[in-house]
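Undergrad: The structure file start_2.txt (compact mmCIF, C-alpha atoms) is provided below.
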```txt
# COMPACT_ATOMS: atom_id res chain seq x y z
CA MET R 28 -43.45 -39.16 23.58
CA THR R 29 -41.94 -40.78 20.52
CA ILE R 30 -45.02 -40.40 18.30
CA LYS R 31 -44.76 -37.68 15.68
CA ASP R 32 -47.98 -36.13 14.40
CA ILE R 33 -47.62 -36.56 10.64
CA GLY R 34 -50.82 -34.76 9.80
CA PRO R 35 -53.46 -36.43 7.69
CA ASP R 36 -51.08 -39.14 6.46
CA PRO R 37 -51.74 -42.75 7.54
CA GLN R 38 -50.37 -43.59 11.00
CA SER R 39 -50.18 -46.60 13.31
CA PHE R 40 -48.71 -47.04 16.81
CA ASP R 41 -49.31 -48.77 20.14
CA LEU R 42 -51.92 -46.40 21.57
CA GLU R 43 -52.20 -47.92 25.04
CA THR R 44 -48.42 -47.91 25.63
CA SER R 45 -48.08 -44.39 24.25
CA THR R 46 -50.92 -43.16 26.48
CA VAL R 47 -49.52 -44.77 29.64
CA GLU R 48 -46.00 -43.48 28.93
CA ASN R 49 -47.11 -39.91 28.13
CA THR R 50 -46.17 -37.44 30.90
CA HIS R 51 -47.39 -34.26 29.19
CA TYR R 52 -50.68 -32.58 30.07
CA ARG R 53 -51.59 -32.78 26.39
CA ALA R 54 -49.73 -34.11 23.36
CA VAL R 55 -51.32 -34.19 19.91
CA ALA R 56 -50.51 -37.63 18.48
CA TRP R 57 -52.38 -37.47 15.14
CA SER R 58 -54.35 -34.84 13.25
CA GLY R 59 -56.63 -35.85 10.41
CA LYS R 60 -58.89 -33.84 8.18
CA TYR R 61 -61.97 -34.53 10.36
CA LEU R 62 -60.71 -35.78 13.74
CA GLN R 63 -57.74 -35.64 16.08
CA LEU R 64 -56.12 -37.84 18.74
CA THR R 65 -54.43 -36.37 21.82
CA LEU R 66 -52.78 -38.03 24.81
CA MET R 67 -53.19 -36.53 28.29
CA SER R 68 -51.63 -36.96 31.73
CA ILE R 69 -53.50 -35.40 34.66
CA PRO R 70 -51.64 -35.16 38.00
CA VAL R 71 -53.21 -36.41 41.24
CA GLY R 72 -55.94 -34.03 42.43
CA GLU R 73 -55.98 -32.01 39.20
CA ASP R 74 -58.47 -32.04 36.32
CA ILE R 75 -58.78 -31.43 32.59
CA GLY R 76 -60.66 -28.19 33.31
CA LEU R 77 -64.38 -27.52 33.08
CA GLU R 78 -65.19 -26.70 29.46
CA ALA R 79 -67.67 -27.06 26.62
CA HIS R 80 -66.95 -27.45 22.91
CA PRO R 81 -70.06 -26.16 21.06
CA GLU R 82 -69.33 -27.96 17.79
CA THR R 83 -66.96 -30.74 18.83
CA ASP R 84 -67.90 -34.25 19.90
CA GLN R 85 -65.27 -35.85 22.12
CA PHE R 86 -64.35 -39.43 23.07
CA LEU R 87 -62.03 -40.10 26.03
CA ARG R 88 -60.58 -43.38 27.33
CA LEU R 89 -58.62 -43.91 30.53
CA ASP R 90 -55.61 -46.21 30.30
CA ALA R 91 -54.30 -45.57 33.84
CA GLY R 92 -55.60 -44.05 37.05
CA ARG R 93 -59.02 -43.13 38.41
CA GLY R 94 -61.23 -40.16 37.69
CA ARG R 95 -64.51 -38.46 38.41
CA VAL R 96 -66.44 -37.44 35.29
CA GLN R 97 -68.97 -34.62 35.55
CA MET R 98 -71.08 -33.45 32.60
CA GLY R 99 -74.20 -31.43 32.02
CA PRO R 100 -76.02 -28.81 29.95
CA ALA R 101 -74.56 -25.86 31.92
CA LYS R 102 -71.41 -25.27 33.97
CA ASP R 103 -73.53 -25.01 37.10
CA ARG R 104 -75.68 -28.05 36.23
CA LEU R 105 -73.39 -31.07 35.98
CA ASP R 106 -76.02 -33.74 36.60
CA PHE R 107 -73.96 -36.60 35.09
CA ASP R 108 -71.48 -37.75 37.77
CA ARG R 109 -69.53 -41.03 37.49
CA GLU R 110 -66.29 -42.54 38.75
CA VAL R 111 -64.15 -44.07 35.98
CA GLU R 112 -60.90 -45.99 35.86
CA ASP R 113 -58.51 -47.80 33.54
CA GLY R 114 -60.44 -49.15 30.55
CA TRP R 115 -63.44 -46.81 30.85
CA ALA R 116 -64.63 -44.62 27.98
CA VAL R 117 -66.39 -41.25 28.21
CA MET R 118 -68.43 -39.78 25.35
CA VAL R 119 -69.01 -36.01 25.43
CA PRO R 120 -71.65 -34.68 23.01
CA ALA R 121 -70.94 -31.31 21.42
CA GLY R 122 -72.02 -28.41 23.62
CA THR R 123 -71.89 -30.42 26.87
CA TRP R 124 -70.04 -28.95 29.83
CA HIS R 125 -67.59 -31.55 31.11
CA ASN R 126 -64.64 -32.16 33.41
CA ILE R 127 -62.64 -35.16 34.60
CA THR R 128 -60.82 -34.92 37.92
CA ASN R 129 -58.04 -37.30 38.95
CA ILE R 130 -59.28 -38.88 42.20
CA GLY R 131 -56.62 -41.59 42.33
CA ASP R 132 -53.14 -41.77 43.79
CA GLU R 133 -51.22 -41.80 40.48
CA PRO R 134 -51.28 -39.69 37.31
CA MET R 135 -54.45 -40.28 35.29
CA ARG R 136 -53.47 -41.21 31.73
CA LEU R 137 -56.03 -40.96 28.96
CA TYR R 138 -56.47 -40.26 25.30
CA THR R 139 -59.13 -38.24 23.62
CA VAL R 140 -60.48 -38.08 20.09
CA TYR R 141 -61.96 -34.78 18.91
CA ALA R 142 -64.20 -34.43 15.87
CA PRO R 143 -63.60 -31.99 14.28
CA VAL R 144 -59.89 -31.31 14.88
CA HIS R 145 -59.45 -29.09 17.91
CA HIS R 146 -55.74 -28.37 18.50
CA ALA R 147 -52.64 -27.43 16.52
CA ALA R 148 -51.05 -30.44 14.81
CA GLY R 149 -48.17 -31.90 16.84
CA LYS R 150 -48.70 -29.50 19.75
CA VAL R 151 -47.19 -30.69 23.06
CA GLN R 152 -48.06 -28.88 26.28
CA ALA R 153 -46.26 -30.00 29.45
CA THR R 154 -48.80 -28.47 31.83
CA SER R 155 -52.38 -27.22 31.85
CA ALA R 156 -50.99 -23.68 32.28
CA ASP R 157 -49.04 -24.13 29.02
CA ALA R 158 -52.22 -25.31 27.29
CA GLU R 159 -54.22 -22.35 28.60
CA ARG R 160 -51.51 -19.89 27.53
CA ASP R 161 -51.37 -21.40 24.01
CA GLU R 162 -55.17 -21.29 23.65
CA GLU R 163 -55.36 -17.66 24.82
CA SER R 164 -52.52 -16.55 22.52
CA GLY R 165 -53.88 -18.35 19.45
CA ALA R 166 -50.90 -20.74 19.33
CA ASP R 167 -53.16 -23.78 19.52
CA GLU R 168 -55.39 -23.42 16.46
CA PRO R 169 -56.40 -26.37 14.24
CA PRO R 170 -54.37 -26.71 11.03
CA SER R 171 -55.73 -24.94 7.95
CA TRP R 172 -56.14 -28.25 6.09
CA SER R 173 -58.58 -29.60 8.71
CA VAL R 174 -62.32 -29.26 8.13
CA GLN R 175 -63.96 -26.95 10.66
CA PRO R 176 -67.64 -26.07 11.19
CA ALA R 177 -68.84 -23.11 9.12
CA GLN R 178 -70.32 -21.27 12.12
CA GLU R 179 -67.89 -22.35 14.83
CA GLU R 180 -68.62 -20.91 18.26
CA PRO R 181 -65.64 -20.44 20.57
CA ASP R 182 -65.08 -23.02 23.31
CA ALA R 183 -66.25 -22.04 26.77
CA HIS R 184 -64.07 -22.51 29.85
CA ALA R 185 -65.16 -22.04 33.44
```
Now that the file is in, can you turn its structure into structure tokens?

TA:
Amino acid sequence: MTIKDIGPDPQSFDLETSTVENTHYRAVAWSGKYLQLTLMSIPVGEDIGLEAHPETDQFLRLDAGRGRVQMGPAKDRLDFDREVEDGWAVMVPAGTWHNITNIGDEPMRLYTVYAPVHHAAGKVQATSADAERDEESGADEPPSWSVQPAQEEPDAHA
């Protein structure tokens, strides 16, 4: 990835090309005061991981591949189930359990916008295991200059 997260400074780049060319599980492309953009690449048969962000709305858009989106009010009640592909958008309301599984035959490339900021500025994680390790160790915290909810609940992962 040639994009450098320059924090809350103005930024512009070819988002679709950057998303399609990204090979990392997650790469933070831009971190603002109130929202953040990350690029993701999900290998065939893998997923983003079932999770819920209590105080974070999320927007995702696929730019390559095919996926199965599942969402719901509880991790054992994912009553929203749709197949998505290149060009599709997914909106995840705060507190909603969600997952996207790559059901295609190529890496699923997508970008996601979090509001508020959710990850460390400029963080690049090659694999989902790297992302999980960083989250557990505290190495993937939002920057101090970002605005976070006053009563933030921790994210939940299945």

Undergrad: Could you build a table of the residues in region 99-149 of chain R lying no more than 8 Å from region 43-56 of chain R, giving for each the nearest pair of atoms and their separation in Å rounded to one decimal place, using all atoms listed in the file, ordered by chain and ascending residue number, as a tab-separated table?

TA:
```
residue	atom	partner	partner_atom	distance
R:Arg136	CA	R:Val47	CA	5.7
R:Leu137	CA	R:Thr46	CA	6.1
R:Tyr138	CA	R:Thr46	CA	6.4
R:His146	CA	R:Val55	CA	7.4
R:Ala147	CA	R:Val55	CA	7.7
R:Ala148	CA	R:Val55	CA	6.3
R:Gly149	CA	R:Val55	CA	5.0
```

Undergrad: Ranking R:Ala183, R:Gln97, R:Val151, R:Phe86 by minimum distance to Asp167 (chain R) and counting all atoms listed in the file, which one comes first?

TA: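 Result for the nearest residue to Asp167 (chain R): R:Val151.
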
Undergrad: Hey, can you check how far CA of Asp108 (chain R) sits from CA of Thr65 (chain R)?

TA: 23.4 Å

Undergrad: With distances taken over all atoms listed in the file, which residue among R:Ala185, R:Ala166, R:Met135, R:Ala142 lies nearest Gly59 (chain R)?

TA: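 Nearest candidate to Gly59 (chain R) out of R:Ala185, R:Ala166, R:Met135, R:Ala142: R:Ala142.
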
Undergrad: Within 12 Å of Pro120 (chain R), counting all atoms listed in the file, which residues qualify if same-chain residues fewer than 2 places away don't, as a list in words?

TA: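 The residues satisfying every condition are Ala79, His80, Pro81, Glu82, Thr83, Asp84, Gln85, Phe86, Leu87, Met98, Gly99, Pro100, Val117, Met118, Gly122, Thr123, Trp124, His125, Tyr141 and Ala142 of chain R.
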
Undergrad: Can you work out the spacing between CA of Gly165 (chain R) and CA of His145 (chain R) in Å, to one decimal?

TA: 12.2 Å

Undergrad: I'd like the contact shell of Asn129 (chain R) - 10 Å cut-off, only C-alpha atoms, skipping same-chain residues fewer than 6 positions apart - returned as a PyMOL selection string.

TA: chain R and resi 68-75+92-96+110-112+135-136

Undergrad: To one decimal place in Å, what is the distance between CA of Asp90 (chain R) and CA of Leu62 (chain R)?

TA: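 Calculated distance between CA of Asp90 (chain R) and CA of Leu62 (chain R) is 20.2 Å.
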
Undergrad: Between R:Val174, R:Leu77, R:Ala91, R:Val119, which has the minimum distance to Thr139 (chain R) (counting only C-alpha atoms)?

TA: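 Smallest distance to Thr139 (chain R) is found for R:Val119.
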
Undergrad: Nearest to Tyr61 (chain R) among R:Ala177, R:Val144, R:Ala158, R:Ala101, with distances taken over only C-alpha atoms: which residue is it?

TA: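 Under the stated criterion, the closest residue is R:Val144.
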
Undergrad: Just checking: using all atoms listed in the file, which residue out of R:His184, R:Arg109, R:Arg88, R:Arg104 ends up closest to Val140 (chain R)?

TA: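 Residue with the minimum atom-to-atom distance to Val140 (chain R): R:Arg88.
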
Undergrad: Find, counting all atoms listed in the file, the residue in R:Asn126, R:Pro181, R:Trp172, R:Trp57 that gets nearest to Pro37 (chain R).

TA: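 Closest residue, counting all atoms listed in the file: R:Trp57.
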